[in-house]
file coords-v5.pdb (PDB, C-alpha atoms)
ATOM      1  CA  MET Q   1      11.128   3.727  10.173
ATOM      2  CA  LYS Q   2      10.515  10.057   8.680
ATOM      3  CA  LEU Q   3      10.438  13.338   6.581
ATOM      4  CA  ALA Q   4      12.508  16.449   5.775
ATOM      5  CA  GLY Q   5      11.040  19.698   7.036
ATOM      6  CA  ALA Q   6      11.061  21.163   3.542
ATOM      7  CA  LEU Q   7       8.722  18.474   2.272
ATOM      8  CA  ALA Q   8       5.384  19.989   1.459
ATOM      9  CA  GLY Q   9       2.787  17.418   2.442
ATOM     10  CA  VAL Q  10      -0.680  17.075   3.760
ATOM     11  CA  LEU Q  11      -0.542  16.514   7.504
ATOM     12  CA  LEU Q  12      -3.054  13.922   8.536
ATOM     13  CA  LEU Q  13      -3.765  13.649  12.237
ATOM     14  CA  THR Q  14      -3.786   9.965  13.066
ATOM     15  CA  ALA Q  15      -5.819   8.692  15.978
ATOM     16  CA  ALA Q  16      -3.944   8.708  19.261
ATOM     17  CA  CYS Q  17      -4.972   5.159  20.058
ATOM     18  CA  GLY Q  18      -4.233   3.831  16.553
ATOM     19  CA  GLY Q  19      -4.964   0.354  15.304
ATOM     20  CA  GLY Q  20      -8.562   0.595  14.206
ATOM     21  CA  SER Q  21      -8.607   3.592  11.892
ATOM     22  CA  SER Q  22      -6.298   5.558   9.668
ATOM     23  CA  GLY Q  23      -5.603   9.261   9.473
ATOM     24  CA  GLY Q  24      -6.954   9.492   5.956
ATOM     25  CA  THR Q  25     -10.462   9.648   4.587
ATOM     26  CA  THR Q  26     -12.255   6.373   5.127
ATOM     27  CA  THR Q  27     -13.748   4.782   2.055
ATOM     28  CA  SER Q  28     -16.706   2.444   2.141
ATOM     29  CA  GLY Q  29     -16.711   0.832  -1.293
ATOM     30  CA  SER Q  30     -14.047  -1.428  -2.763
ATOM     31  CA  ALA Q  31     -15.364  -1.677  -6.309
ATOM     32  CA  GLY Q  32     -12.278   0.025  -7.654
ATOM     33  CA  LEU Q  33      -9.936  -2.458  -5.945
ATOM     34  CA  LYS Q  34     -11.296  -5.814  -7.038
ATOM     35  CA  GLY Q  35      -8.967  -7.487  -9.503
ATOM     36  CA  LYS Q  36      -6.147  -4.964  -9.033
ATOM     37  CA  THR Q  37      -2.563  -6.161  -8.558
ATOM     38  CA  ILE Q  38       0.016  -4.548  -6.258
ATOM     39  CA  ASP Q  39       3.676  -5.549  -6.255
ATOM     40  CA  PHE Q  40       4.802  -4.903  -2.687
ATOM     41  CA  VAL Q  41       8.517  -4.088  -2.355
ATOM     42  CA  GLY Q  42       8.312  -3.371   1.360
ATOM     43  CA  TYR Q  43      10.343  -4.221   4.450
ATOM     44  CA  GLY Q  44      10.941  -7.915   5.072
ATOM     45  CA  LYS Q  45       9.099  -9.883   7.725
ATOM     46  CA  ASP Q  46      12.375 -10.525   9.600
ATOM     47  CA  ASN Q  47      12.229  -6.876  10.664
ATOM     48  CA  PRO Q  48       9.772  -6.352  13.580
ATOM     49  CA  TRP Q  49       8.421  -3.060  12.213
ATOM     50  CA  GLY Q  50       8.051  -4.495   8.723
ATOM     51  CA  ALA Q  51       6.410  -7.686   9.953
ATOM     52  CA  TYR Q  52       3.644  -5.798  11.729
ATOM     53  CA  PHE Q  53       3.189  -3.281   8.906
ATOM     54  CA  ASN Q  54       2.837  -6.121   6.410
ATOM     55  CA  GLY Q  55       0.400  -7.958   8.672
ATOM     56  CA  VAL Q  56      -1.916  -4.938   8.659
ATOM     57  CA  PHE Q  57      -1.381  -3.562   5.158
ATOM     58  CA  VAL Q  58      -1.675  -6.739   3.088
ATOM     59  CA  PRO Q  59      -4.884  -8.198   4.621
ATOM     60  CA  LYS Q  60      -6.695  -4.847   4.417
ATOM     61  CA  LEU Q  61      -6.184  -4.866   0.640
ATOM     62  CA  THR Q  62      -6.565  -8.572  -0.106
ATOM     63  CA  SER Q  63      -9.887  -8.523   1.755
ATOM     64  CA  GLN Q  64     -11.076  -6.024  -0.859
ATOM     65  CA  GLY Q  65     -10.073  -8.198  -3.821
ATOM     66  CA  VAL Q  66      -6.540  -6.911  -4.423
ATOM     67  CA  LYS Q  67      -3.771  -9.344  -5.342
ATOM     68  CA  VAL Q  68      -0.579  -8.433  -3.447
ATOM     69  CA  VAL Q  69       2.683  -9.869  -4.770
ATOM     70  CA  ASP Q  70       5.196 -10.187  -1.910
ATOM     71  CA  LEU Q  71       8.603  -8.801  -2.918
ATOM     72  CA  THR Q  72       9.648  -7.694   0.561
ATOM     73  CA  THR Q  73      13.232  -7.780   1.842
ATOM     74  CA  MET Q  74      15.624  -6.106   4.265
ATOM     75  CA  ASP Q  75      18.563  -6.274   1.850
ATOM     76  CA  PRO Q  76      19.005  -3.042  -0.165
ATOM     77  CA  GLY Q  77      20.479  -4.829  -3.182
ATOM     78  CA  THR Q  78      17.685  -7.376  -3.267
ATOM     79  CA  ALA Q  79      15.163  -4.552  -2.994
ATOM     80  CA  VAL Q  80      16.485  -3.059  -6.259
ATOM     81  CA  THR Q  81      16.235  -6.456  -7.960
ATOM     82  CA  ASN Q  82      12.716  -6.939  -6.619
ATOM     83  CA  PHE Q  83      11.632  -3.472  -7.754
ATOM     84  CA  ASN Q  84      12.885  -4.227 -11.277
ATOM     85  CA  GLN Q  85      10.995  -7.532 -11.147
ATOM     86  CA  ALA Q  86       7.888  -5.601 -10.158
ATOM     87  CA  ILE Q  87       8.252  -3.412 -13.250
ATOM     88  CA  SER Q  88       8.477  -6.549 -15.398
ATOM     89  CA  ASN Q  89       5.307  -7.868 -13.760
ATOM     90  CA  LYS Q  90       3.410  -4.748 -14.907
ATOM     91  CA  PRO Q  91       1.125  -4.451 -11.850
ATOM     92  CA  ASP Q  92      -1.491  -1.760 -11.370
ATOM     93  CA  LEU Q  93       0.636  -0.239  -8.589
ATOM     94  CA  ILE Q  94       4.032  -0.718  -6.966
ATOM     95  CA  VAL Q  95       4.140   0.000  -3.221
ATOM     96  CA  ALA Q  96       7.686   0.315  -1.895
ATOM     97  CA  ALA Q  97       9.857   1.222   1.072
ATOM     98  CA  LEU Q  98      13.307   2.608   0.310
ATOM     99  CA  LEU Q  99      16.108   0.859   2.178
ATOM    100  CA  ASP Q 100      18.701   2.593  -0.004
ATOM    101  CA  THR Q 101      17.309   5.826  -1.387
ATOM    102  CA  SER Q 102      19.901   6.493  -4.088
ATOM    103  CA  SER Q 103      19.883   2.971  -5.532
ATOM    104  CA  MET Q 104      16.125   3.203  -6.085
ATOM    105  CA  VAL Q 105      16.309   6.298  -8.309
ATOM    106  CA  VAL Q 106      16.840   4.400 -11.571
ATOM    107  CA  PRO Q 107      14.143   1.751 -10.874
ATOM    108  CA  VAL Q 108      11.622   4.485  -9.983
ATOM    109  CA  LYS Q 109      12.397   6.286 -13.245
ATOM    110  CA  LYS Q 110      11.985   3.011 -15.143
ATOM    111  CA  ALA Q 111       8.577   2.504 -13.543
ATOM    112  CA  LYS Q 112       7.526   5.976 -14.648
ATOM    113  CA  GLN Q 113       8.704   5.279 -18.198
ATOM    114  CA  ALA Q 114       6.710   2.044 -18.148
ATOM    115  CA  GLY Q 115       3.599   3.902 -17.005
ATOM    116  CA  ILE Q 116       3.426   2.044 -13.668
ATOM    117  CA  PRO Q 117       2.410   4.225 -10.691
ATOM    118  CA  VAL Q 118       4.525   3.985  -7.538
ATOM    119  CA  LEU Q 119       3.575   4.657  -3.916
ATOM    120  CA  ILE Q 120       6.453   5.122  -1.456
ATOM    121  CA  PHE Q 121       5.785   4.698   2.261
ATOM    122  CA  ASP Q 122       7.748   5.516   5.414
ATOM    123  CA  GLY Q 123      10.955   7.268   4.202
ATOM    124  CA  ARG Q 124      10.950   9.882   1.429
ATOM    125  CA  PRO Q 125      12.393   9.296  -2.059
ATOM    126  CA  ASP Q 126      15.387  11.027  -3.617
ATOM    127  CA  PRO Q 127      14.560  14.627  -4.654
ATOM    128  CA  SER Q 128      15.248  13.733  -8.300
ATOM    129  CA  VAL Q 129      12.173  11.471  -8.355
ATOM    130  CA  ASP Q 130      10.093  13.269  -5.721
ATOM    131  CA  GLY Q 131       7.457  14.288  -8.231
ATOM    132  CA  ASP Q 132       7.312  10.863  -9.872
ATOM    133  CA  VAL Q 133       5.822   8.949  -6.944
ATOM    134  CA  MET Q 134       2.977   9.140  -4.459
ATOM    135  CA  GLN Q 135       4.002   9.167  -0.792
ATOM    136  CA  VAL Q 136       2.703   8.273   2.676
ATOM    137  CA  LEU Q 137       5.537   9.219   4.994
ATOM    138  CA  SER Q 138       6.542   9.099   8.633
ATOM    139  CA  ASP Q 139       7.730  12.427  10.040
ATOM    140  CA  SER Q 140      11.301  11.300  10.561
ATOM    141  CA  GLU Q 141      12.726  14.663  11.540
ATOM    142  CA  ALA Q 142      10.147  14.905  14.316
ATOM    143  CA  LEU Q 143      11.163  11.436  15.504
ATOM    144  CA  GLY Q 144      14.826  12.439  15.667
ATOM    145  CA  THR Q 145      13.944  15.657  17.452
ATOM    146  CA  ALA Q 146      11.960  13.712  20.052
ATOM    147  CA  ALA Q 147      14.883  11.339  20.639
ATOM    148  CA  ALA Q 148      17.280  14.221  21.315
ATOM    149  CA  GLN Q 149      14.769  15.857  23.645
ATOM    150  CA  ASN Q 150      14.385  12.597  25.549
ATOM    151  CA  LEU Q 151      18.128  12.241  26.091
ATOM    152  CA  VAL Q 152      18.707  15.845  27.136
ATOM    153  CA  GLU Q 153      15.660  15.867  29.412
ATOM    154  CA  GLY Q 154      16.698  12.595  31.021
ATOM    155  CA  LEU Q 155      20.288  13.671  31.598
ATOM    156  CA  LYS Q 156      19.288  17.045  32.995
ATOM    157  CA  ALA Q 157      16.875  15.306  35.369
ATOM    158  CA  GLN Q 158      19.890  13.410  36.713
ATOM    159  CA  GLY Q 159      21.724  16.689  37.215
ATOM    160  CA  LYS Q 160      24.189  16.001  34.404
ATOM    161  CA  ASN Q 161      25.082  19.211  32.624
ATOM    162  CA  SER Q 162      27.132  17.427  29.966
ATOM    163  CA  GLY Q 163      27.379  13.949  28.525
ATOM    164  CA  SER Q 164      28.694  11.660  25.792
ATOM    165  CA  LEU Q 165      26.094  10.000  23.600
ATOM    166  CA  ILE Q 166      26.042   7.110  21.129
ATOM    167  CA  ALA Q 167      23.549   6.413  18.357
ATOM    168  CA  ILE Q 168      22.696   3.156  16.589
ATOM    169  CA  THR Q 169      20.707   4.018  13.492
ATOM    170  CA  GLY Q 170      18.524   2.327  10.951
ATOM    171  CA  THR Q 171      19.923   1.810   7.452
ATOM    172  CA  LYS Q 172      22.055   4.932   6.905
ATOM    173  CA  SER Q 173      21.640   4.898   3.136
ATOM    174  CA  GLY Q 174      17.901   5.485   3.471
ATOM    175  CA  PHE Q 175      16.366   8.918   4.036
ATOM    176  CA  ALA Q 176      14.272   7.481   6.885
ATOM    177  CA  ALA Q 177      17.415   7.151   9.022
ATOM    178  CA  GLN Q 178      19.108  10.229   7.564
ATOM    179  CA  ASP Q 179      16.154  12.481   8.327
ATOM    180  CA  ARG Q 180      15.897  11.201  11.887
ATOM    181  CA  MET Q 181      19.554  12.059  12.408
ATOM    182  CA  LYS Q 182      18.953  15.469  10.851
ATOM    183  CA  GLY Q 183      16.273  16.216  13.428
ATOM    184  CA  PHE Q 184      18.358  14.646  16.195
ATOM    185  CA  ASP Q 185      21.477  16.659  15.371
ATOM    186  CA  ALA Q 186      19.558  19.921  14.981
ATOM    187  CA  GLU Q 187      17.934  19.518  18.378
ATOM    188  CA  LEU Q 188      21.198  18.546  20.078
ATOM    189  CA  ALA Q 189      22.891  21.612  18.601
ATOM    190  CA  LYS Q 190      20.819  23.655  21.068
ATOM    191  CA  THR Q 191      22.696  21.964  23.923
ATOM    192  CA  PRO Q 192      26.264  21.423  22.665
ATOM    193  CA  GLU Q 193      27.370  20.225  26.086
ATOM    194  CA  TYR Q 194      25.802  16.876  25.147
ATOM    195  CA  LYS Q 195      27.932  15.381  22.370
ATOM    196  CA  VAL Q 196      27.544  12.343  20.132
ATOM    197  CA  VAL Q 197      30.801  10.396  20.270
ATOM    198  CA  ASP Q 198      29.871   7.461  18.048
ATOM    199  CA  ILE Q 199      27.246   6.696  15.396
ATOM    200  CA  GLN Q 200      26.861   3.194  13.974
ATOM    201  CA  ASP Q 201      24.577   1.749  11.283
ATOM    202  CA  GLY Q 202      22.319  -0.893  12.815
ATOM    203  CA  ASN Q 203      20.370  -1.519   9.576
ATOM    204  CA  TRP Q 204      17.078  -1.694  11.538
ATOM    205  CA  ASP Q 205      18.354  -5.026  12.897
ATOM    206  CA  PRO Q 206      18.042  -5.837  16.634
ATOM    207  CA  THR Q 207      20.707  -8.547  16.508
ATOM    208  CA  LEU Q 208      23.206  -6.275  14.780
ATOM    209  CA  SER Q 209      22.288  -3.455  17.165
ATOM    210  CA  SER Q 210      23.057  -5.710  20.123
ATOM    211  CA  LYS Q 211      26.467  -6.597  18.679
ATOM    212  CA  ILE Q 212      27.275  -2.934  18.029
ATOM    213  CA  ALA Q 213      26.161  -1.875  21.505
ATOM    214  CA  THR Q 214      28.324  -4.540  23.129
ATOM    215  CA  GLN Q 215      31.330  -3.300  21.152
ATOM    216  CA  LEU Q 216      30.655   0.334  22.076
ATOM    217  CA  PHE Q 217      30.460  -0.375  25.806
ATOM    218  CA  ALA Q 218      33.684  -2.359  25.527
ATOM    219  CA  LYS Q 219      35.274   0.611  23.762
ATOM    220  CA  TYR Q 220      34.042   3.467  25.949
ATOM    221  CA  GLY Q 221      33.189   1.773  29.238
ATOM    222  CA  CYS Q 222      30.309   2.767  31.488
ATOM    223  CA  SER Q 223      31.849   6.132  32.314
ATOM    224  CA  GLY Q 224      32.316   7.025  28.659
ATOM    225  CA  ILE Q 225      28.636   6.852  27.667
ATOM    226  CA  GLN Q 226      25.883   8.775  29.446
ATOM    227  CA  GLY Q 227      23.131   8.517  26.839
ATOM    228  CA  ALA Q 228      22.191   6.286  23.902
ATOM    229  CA  TYR Q 229      19.811   6.506  20.961
ATOM    230  CA  GLY Q 230      18.514   3.329  19.364
ATOM    231  CA  MET Q 231      16.552   4.432  16.299
ATOM    232  CA  ALA Q 232      13.773   1.917  16.945
ATOM    233  CA  ASP Q 233      12.646   0.516  20.275
ATOM    234  CA  TYR Q 234      13.883  -2.897  19.166
ATOM    235  CA  GLN Q 235      17.313  -1.278  18.669
ATOM    236  CA  ALA Q 236      17.177   0.672  21.949
ATOM    237  CA  LEU Q 237      16.401  -2.362  24.103
ATOM    238  CA  PRO Q 238      19.529  -4.252  22.951
ATOM    239  CA  ILE Q 239      21.508  -1.192  24.081
ATOM    240  CA  VAL Q 240      19.908  -1.508  27.513
ATOM    241  CA  ALA Q 241      20.774  -5.210  27.621
ATOM    242  CA  ALA Q 242      24.364  -4.598  26.493
ATOM    243  CA  ALA Q 243      24.811  -1.887  29.113
ATOM    244  CA  LYS Q 244      23.594  -4.176  31.879
ATOM    245  CA  GLN Q 245      25.832  -6.976  30.630
ATOM    246  CA  ALA Q 246      28.781  -4.570  30.790
ATOM    247  CA  GLY Q 247      27.884  -3.744  34.378
ATOM    248  CA  CYS Q 248      26.583  -0.255  33.627
ATOM    249  CA  PRO Q 249      23.596   1.086  35.584
ATOM    250  CA  VAL Q 250      20.580   2.007  33.434
ATOM    251  CA  GLY Q 251      17.999   4.694  34.181
ATOM    252  CA  GLY Q 252      17.293   5.910  37.657
ATOM    253  CA  LYS Q 253      19.210   8.760  39.284
ATOM    254  CA  ASN Q 254      22.592   8.090  37.704
ATOM    255  CA  GLY Q 255      22.275   5.346  35.089
ATOM    256  CA  LEU Q 256      22.508   5.363  31.322
ATOM    257  CA  ILE Q 257      19.683   7.282  29.620
ATOM    258  CA  VAL Q 258      18.369   5.401  26.567
ATOM    259  CA  THR Q 259      15.723   6.418  24.041
ATOM    260  CA  GLY Q 260      14.098   4.878  21.016
ATOM    261  CA  SER Q 261      12.203   6.762  18.320
ATOM    262  CA  ASN Q 262       9.476   4.505  17.087
ATOM    263  CA  CYS Q 263       7.368   2.608  19.515
ATOM    264  CA  PHE Q 264       6.736  -1.058  20.224
ATOM    265  CA  LYS Q 265       5.178  -2.874  23.162
ATOM    266  CA  VAL Q 266       8.632  -3.790  24.486
ATOM    267  CA  GLY Q 267       9.511  -0.097  24.477
ATOM    268  CA  ILE Q 268       6.336   0.900  26.299
ATOM    269  CA  ASP Q 269       6.970  -1.801  28.897
ATOM    270  CA  ALA Q 270      10.564  -0.606  29.301
ATOM    271  CA  ILE Q 271       9.452   2.999  29.805
ATOM    272  CA  LYS Q 272       7.059   1.836  32.518
ATOM    273  CA  ALA Q 273       9.896  -0.181  34.090
ATOM    274  CA  GLY Q 274      12.247   2.803  33.998
ATOM    275  CA  THR Q 275      14.939   1.260  31.758
ATOM    276  CA  LEU Q 276      13.975   3.213  28.622
ATOM    277  CA  TYR Q 277      13.562   6.943  29.127
ATOM    278  CA  GLY Q 278      11.354   7.508  26.103
ATOM    279  CA  THR Q 279      10.467   6.889  22.485
ATOM    280  CA  ALA Q 280       8.103   8.383  19.869
ATOM    281  CA  THR Q 281       5.118   7.065  17.976
ATOM    282  CA  GLU Q 282       5.609   6.006  14.314
ATOM    283  CA  ASP Q 283       4.089   2.660  15.131
ATOM    284  CA  PRO Q 284       3.772   0.357  12.103
ATOM    285  CA  GLY Q 285       0.044  -0.172  12.522
ATOM    286  CA  THR Q 286      -0.932   3.482  12.128
ATOM    287  CA  ILE Q 287       1.079   4.067   8.960
ATOM    288  CA  ALA Q 288      -0.008   0.681   7.565
ATOM    289  CA  GLU Q 289      -3.644   1.685   8.019
ATOM    290  CA  GLN Q 290      -3.017   5.057   6.396
ATOM    291  CA  THR Q 291      -1.074   3.542   3.487
ATOM    292  CA  ALA Q 292      -3.785   0.957   2.821
ATOM    293  CA  ASP Q 293      -6.410   3.693   3.009
ATOM    294  CA  TYR Q 294      -4.403   5.760   0.524
ATOM    295  CA  VAL Q 295      -4.334   2.810  -1.908
ATOM    296  CA  THR Q 296      -8.088   2.397  -1.510
ATOM    297  CA  ARG Q 297      -8.694   6.059  -2.277
ATOM    298  CA  TYR Q 298      -6.324   5.916  -5.239
ATOM    299  CA  PHE Q 299      -8.030   2.927  -6.874
ATOM    300  CA  ASN Q 300     -11.460   4.397  -6.135
ATOM    301  CA  LYS Q 301     -10.351   7.515  -8.035
ATOM    302  CA  GLN Q 302     -10.757   9.819  -5.042
ATOM    303  CA  ASN Q 303      -7.579  11.706  -5.993
ATOM    304  CA  PRO Q 304      -5.596  11.543  -2.738
ATOM    305  CA  PRO Q 305      -2.891  14.213  -2.368
ATOM    306  CA  ALA Q 306       0.507  13.369  -3.801
ATOM    307  CA  LYS Q 307       2.046  13.346  -0.316
ATOM    308  CA  GLU Q 308       0.692  12.554   3.120
ATOM    309  CA  LEU Q 309       2.603  12.924   6.363
ATOM    310  CA  VAL Q 310       1.830  10.932   9.499
ATOM    311  CA  LYS Q 311       1.858  13.003  12.690
ATOM    312  CA  GLU Q 312       4.285  11.748  15.350
ATOM    313  CA  GLU Q 313       4.381  12.317  19.114
ATOM    314  CA  ARG Q 314       7.124  12.124  21.750
ATOM    315  CA  VAL Q 315       6.535   9.506  24.455
ATOM    316  CA  THR Q 316       8.017   9.421  27.983
ATOM    317  CA  ALA Q 317       6.902   8.167  31.378
ATOM    318  CA  LYS Q 318       4.860  11.360  31.724
ATOM    319  CA  ASN Q 319       2.464  10.470  28.888
ATOM    320  CA  VAL Q 320       3.096   6.777  28.267
ATOM    321  CA  ALA Q 321      -0.450   5.843  29.274
ATOM    322  CA  GLN Q 322      -1.813   8.046  26.490
ATOM    323  CA  TYR Q 323       0.097   6.166  23.781
ATOM    324  CA  ALA Q 324       0.341   2.695  25.328
ATOM    325  CA  GLU Q 325      -2.461   1.182  23.228
ATOM    326  CA  GLN Q 326      -1.255   2.686  19.938
ATOM    327  CA  CYS Q 327       2.326   1.592  20.650
ATOM    328  CA  SER Q 328       1.563  -1.936  21.874
ATOM    329  CA  LYS Q 329       0.256  -3.423  18.636
ATOM    330  CA  ALA Q 330       3.685  -4.804  17.731
TER
END
call {"tool": "encode", "arguments": {"input": "coords-v5.pdb", "output": "structure tokens"}}
result
Amino acid sequence: MKLAGALAGVLLLTAACGGGSSGGTTTSGSAGLKGKTIDFVGYGKDNPWGAYFNGVFVPKLTSQGVKVVDLTTMDPGTAVTNFNQAISNKPDLIVAALLDTSSMVVPVKKAKQAGIPVLIFDGRPDPSVDGDVMQVLSDSEALGTAAAQNLVEGLKAQGKNSGSLIAITGTKSGFAAQDRMKGFDAELAKTPEYKVVDIQDGNWDPTLSSKIATQLFAKYGCSGIQGAYGMADYQALPIVAAAKQAGCPVGGKNGLIVTGSNCFKVGIDAIKAGTLYGTATEDPGTIAEQTADYVTRYFNKQNPPAKELVKEERVTAKNVAQYAEQCSKA
């Protein structure tokens, strides 16, 4: 699921093996959390990234006496409705992910007017409300940069000095996807011989991504696509499957080069198998731990910084062993 380079944040170095600890300051007491209520307008459990994030984030807070009201969804319109419902509920804190950045501007302003603090995680908010919310953010530009590097490196290793690329993104209306493409495009601009010929909105949905990939291979054929970017591993793997179904070779010395840009166990396994060239970190467990830790520090009045940025790393076959544990939690 991410951050513009101009965003001034505090860079927290998360543990390379993830899972057990967050990048923030660990707090021991939970006295400030007991009896607090959080309305959670996060990603829905039907999304693999969201499901794992929720499974880490919610229990870490409920175990400390926090009541978490589940208002999660993967539908941008429903997210706006749920955020407005959260304001009506008057919780101690609203924690939200932004599927559609622009549509959340008015609800965020309403929350501020109502005196309800808001914590945004994963993708950044609209600049007009940047100072109105707290933030724990993925470094999305770094993720996009890593994806472009993976494709170019993979194609050059095959001896291909040019190539046509496709990209299936997360929800385009959210800054999480937009910032990844910003980093991706900026990195690709260094090697203009590799060109993106088609970009489609996969809405962070593996089923939709599979449908789109099938259509793209039918449109361009095997010879018309040399590289592909699926914005999450669970979007990249459907591209691999669609390519194979279309009779296109994948990986190896002359096959399609495919990359993800946030890691899952299926992605790590595919890198080891040689069908996925690479990915990047941004695993849901690490940012879930850091977001929960941020909430703990906030309620314990430890004055966490307004913005925290999760450090991301590029992953390929060369270093997959280093990140396998961190990236295999979901």
call {"tool": "residues_around", "arguments": {"input": "coords-v5.pdb", "residues": "Gly252 of chain Q", "least_positions_apart": "4", "cutoff": "12 Å", "atoms": "only C-alpha atoms", "output": "PyMOL selection string"}}
result
chain Q and resi 154-155+157-159+248+256-258+271+273-277
call {"tool": "write_last_selection", "arguments": {"input": "coords-v5.pdb", "atoms": "C-alpha atoms", "output": "short mmCIF file (atom, residue, chain, number, x, y, z; two decimals), in the frame of the given file"}}
result
data_model
loop_
_atom_site.label_atom_id
_atom_site.label_comp_id
_atom_site.auth_asym_id
_atom_site.auth_seq_id
_atom_site.Cartn_x
_atom_site.Cartn_y
_atom_site.Cartn_z
CA GLY Q 154 16.70 12.60 31.02
CA LEU Q 155 20.29 13.67 31.60
CA ALA Q 157 16.88 15.31 35.37
CA GLN Q 158 19.89 13.41 36.71
CA GLY Q 159 21.72 16.69 37.22
CA CYS Q 248 26.58 -0.26 33.63
CA LEU Q 256 22.51 5.36 31.32
CA ILE Q 257 19.68 7.28 29.62
CA VAL Q 258 18.37 5.40 26.57
CA ILE Q 271 9.45 3.00 29.80
CA ALA Q 273 9.90 -0.18 34.09
CA GLY Q 274 12.25 2.80 34.00
CA THR Q 275 14.94 1.26 31.76
CA LEU Q 276 13.98 3.21 28.62
CA TYR Q 277 13.56 6.94 29.13
#
call {"tool": "closest_atom_pairs", "arguments": {"input": "coords-v5.pdb", "of": "segment 84-175 of chain Q", "to": "segment 305-316 of chain Q", "cutoff": "8 Å", "atoms": "only C-alpha atoms", "output": "JSON lines"}}
result
{"residue": "Q:Val133", "atom": "CA", "partner": "Q:Ala306", "partner_atom": "CA", "distance": 7.6}
{"residue": "Q:Met134", "atom": "CA", "partner": "Q:Ala306", "partner_atom": "CA", "distance": 4.9}
{"residue": "Q:Gln135", "atom": "CA", "partner": "Q:Lys307", "partner_atom": "CA", "distance": 4.6}
{"residue": "Q:Val136", "atom": "CA", "partner": "Q:Glu308", "partner_atom": "CA", "distance": 4.8}
{"residue": "Q:Leu137", "atom": "CA", "partner": "Q:Leu309", "partner_atom": "CA", "distance": 4.9}
{"residue": "Q:Ser138", "atom": "CA", "partner": "Q:Val310", "partner_atom": "CA", "distance": 5.1}
{"residue": "Q:Asp139", "atom": "CA", "partner": "Q:Val310", "partner_atom": "CA", "distance": 6.1}
{"residue": "Q:Ala142", "atom": "CA", "partner": "Q:Glu312", "partner_atom": "CA", "distance": 6.7}
{"residue": "Q:Leu143", "atom": "CA", "partner": "Q:Glu312", "partner_atom": "CA", "distance": 6.9}
{"residue": "Q:Ala146", "atom": "CA", "partner": "Q:Arg314", "partner_atom": "CA", "distance": 5.4}
{"residue": "Q:Ala147", "atom": "CA", "partner": "Q:Arg314", "partner_atom": "CA", "distance": 7.9}
{"residue": "Q:Asn150", "atom": "CA", "partner": "Q:Thr316", "partner_atom": "CA", "distance": 7.5}
call {"tool": "atom_distance", "arguments": {"input": "coords-v5.pdb", "atom1": "atom CA of Trp49 of chain Q", "atom2": "atom CA of Pro284 of chain Q"}}
result
5.8 Å
call {"tool": "atom_distance", "arguments": {"input": "coords-v5.pdb", "atom1": "atom CA of Val250 of chain Q", "atom2": "atom CA of Arg180 of chain Q"}}
result
23.9 Å
call {"tool": "resolve_selection", "arguments": {"input": "coords-v5.pdb", "expression": "the PyMOL selection byres ((chain Q and resi 217-221) around 12)", "output": "PyMOL selection string"}}
result
chain Q and resi 164-166+197-198+210-216+222-228+238-249+256
call {"tool": "resolve_selection", "arguments": {"input": "coords-v5.pdb", "expression": "the PyMOL selection byres ((chain Q and resi 102-104) around 12)", "output": "PyMOL selection string"}}
result
chain Q and resi 41+75-84+96-101+105-111+118+120+124-130+133+172-175
call {"tool": "resolve_selection", "arguments": {"input": "coords-v5.pdb", "expression": "the PyMOL selection byres ((chain Q and resi 169) around 6)", "output": "list in words"}}
result
Ile168, Gly170, Asp201, Gly202 and Met231 of chain Q
call {"tool": "atom_distance", "arguments": {"input": "coords-v5.pdb", "atom1": "atom CA of Cys327 of chain Q", "atom2": "atom CA of Pro59 of chain Q"}}
result
20.1 Å
call {"tool": "closest_residue", "arguments": {"input": "coords-v5.pdb", "among": "Q:Asp185, Q:Asp46, Q:Asp39, Q:Asp283", "to": "Gln85 of chain Q", "atoms": "all atoms listed in the file"}}
result
Q:Asp39
call {"tool": "closest_residue", "arguments": {"input": "coords-v5.pdb", "among": "Q:Lys90, Q:Lys329, Q:Lys318, Q:Lys160", "to": "Gly285 of chain Q", "atoms": "all atoms listed in the file"}}
result
Q:Lys329
call {"tool": "closest_residue", "arguments": {"input": "coords-v5.pdb", "among": "Q:Gly35, Q:Gly42, Q:Gly251, Q:Gly260", "to": "Pro91 of chain Q", "atoms": "all atoms listed in the file"}}
result
Q:Gly35
call {"tool": "closest_residue", "arguments": {"input": "coords-v5.pdb", "among": "Q:Ile268, Q:Ala236, Q:Ala186, Q:Met181", "to": "Thr207 of chain Q", "atoms": "all atoms listed in the file"}}
result
Q:Ala236
call {"tool": "closest_residue", "arguments": {"input": "coords-v5.pdb", "among": "Q:Thr72, Q:Thr259, Q:Thr145, Q:Thr296", "to": "Asp179 of chain Q", "atoms": "all atoms listed in the file"}}
result
Q:Thr145
call {"tool": "closest_residue", "arguments": {"input": "coords-v5.pdb", "among": "Q:Thr171, Q:Ser88, Q:Gln149, Q:Asn203", "to": "Lys190 of chain Q", "atoms": "all atoms listed in the file"}}
result
Q:Gln149
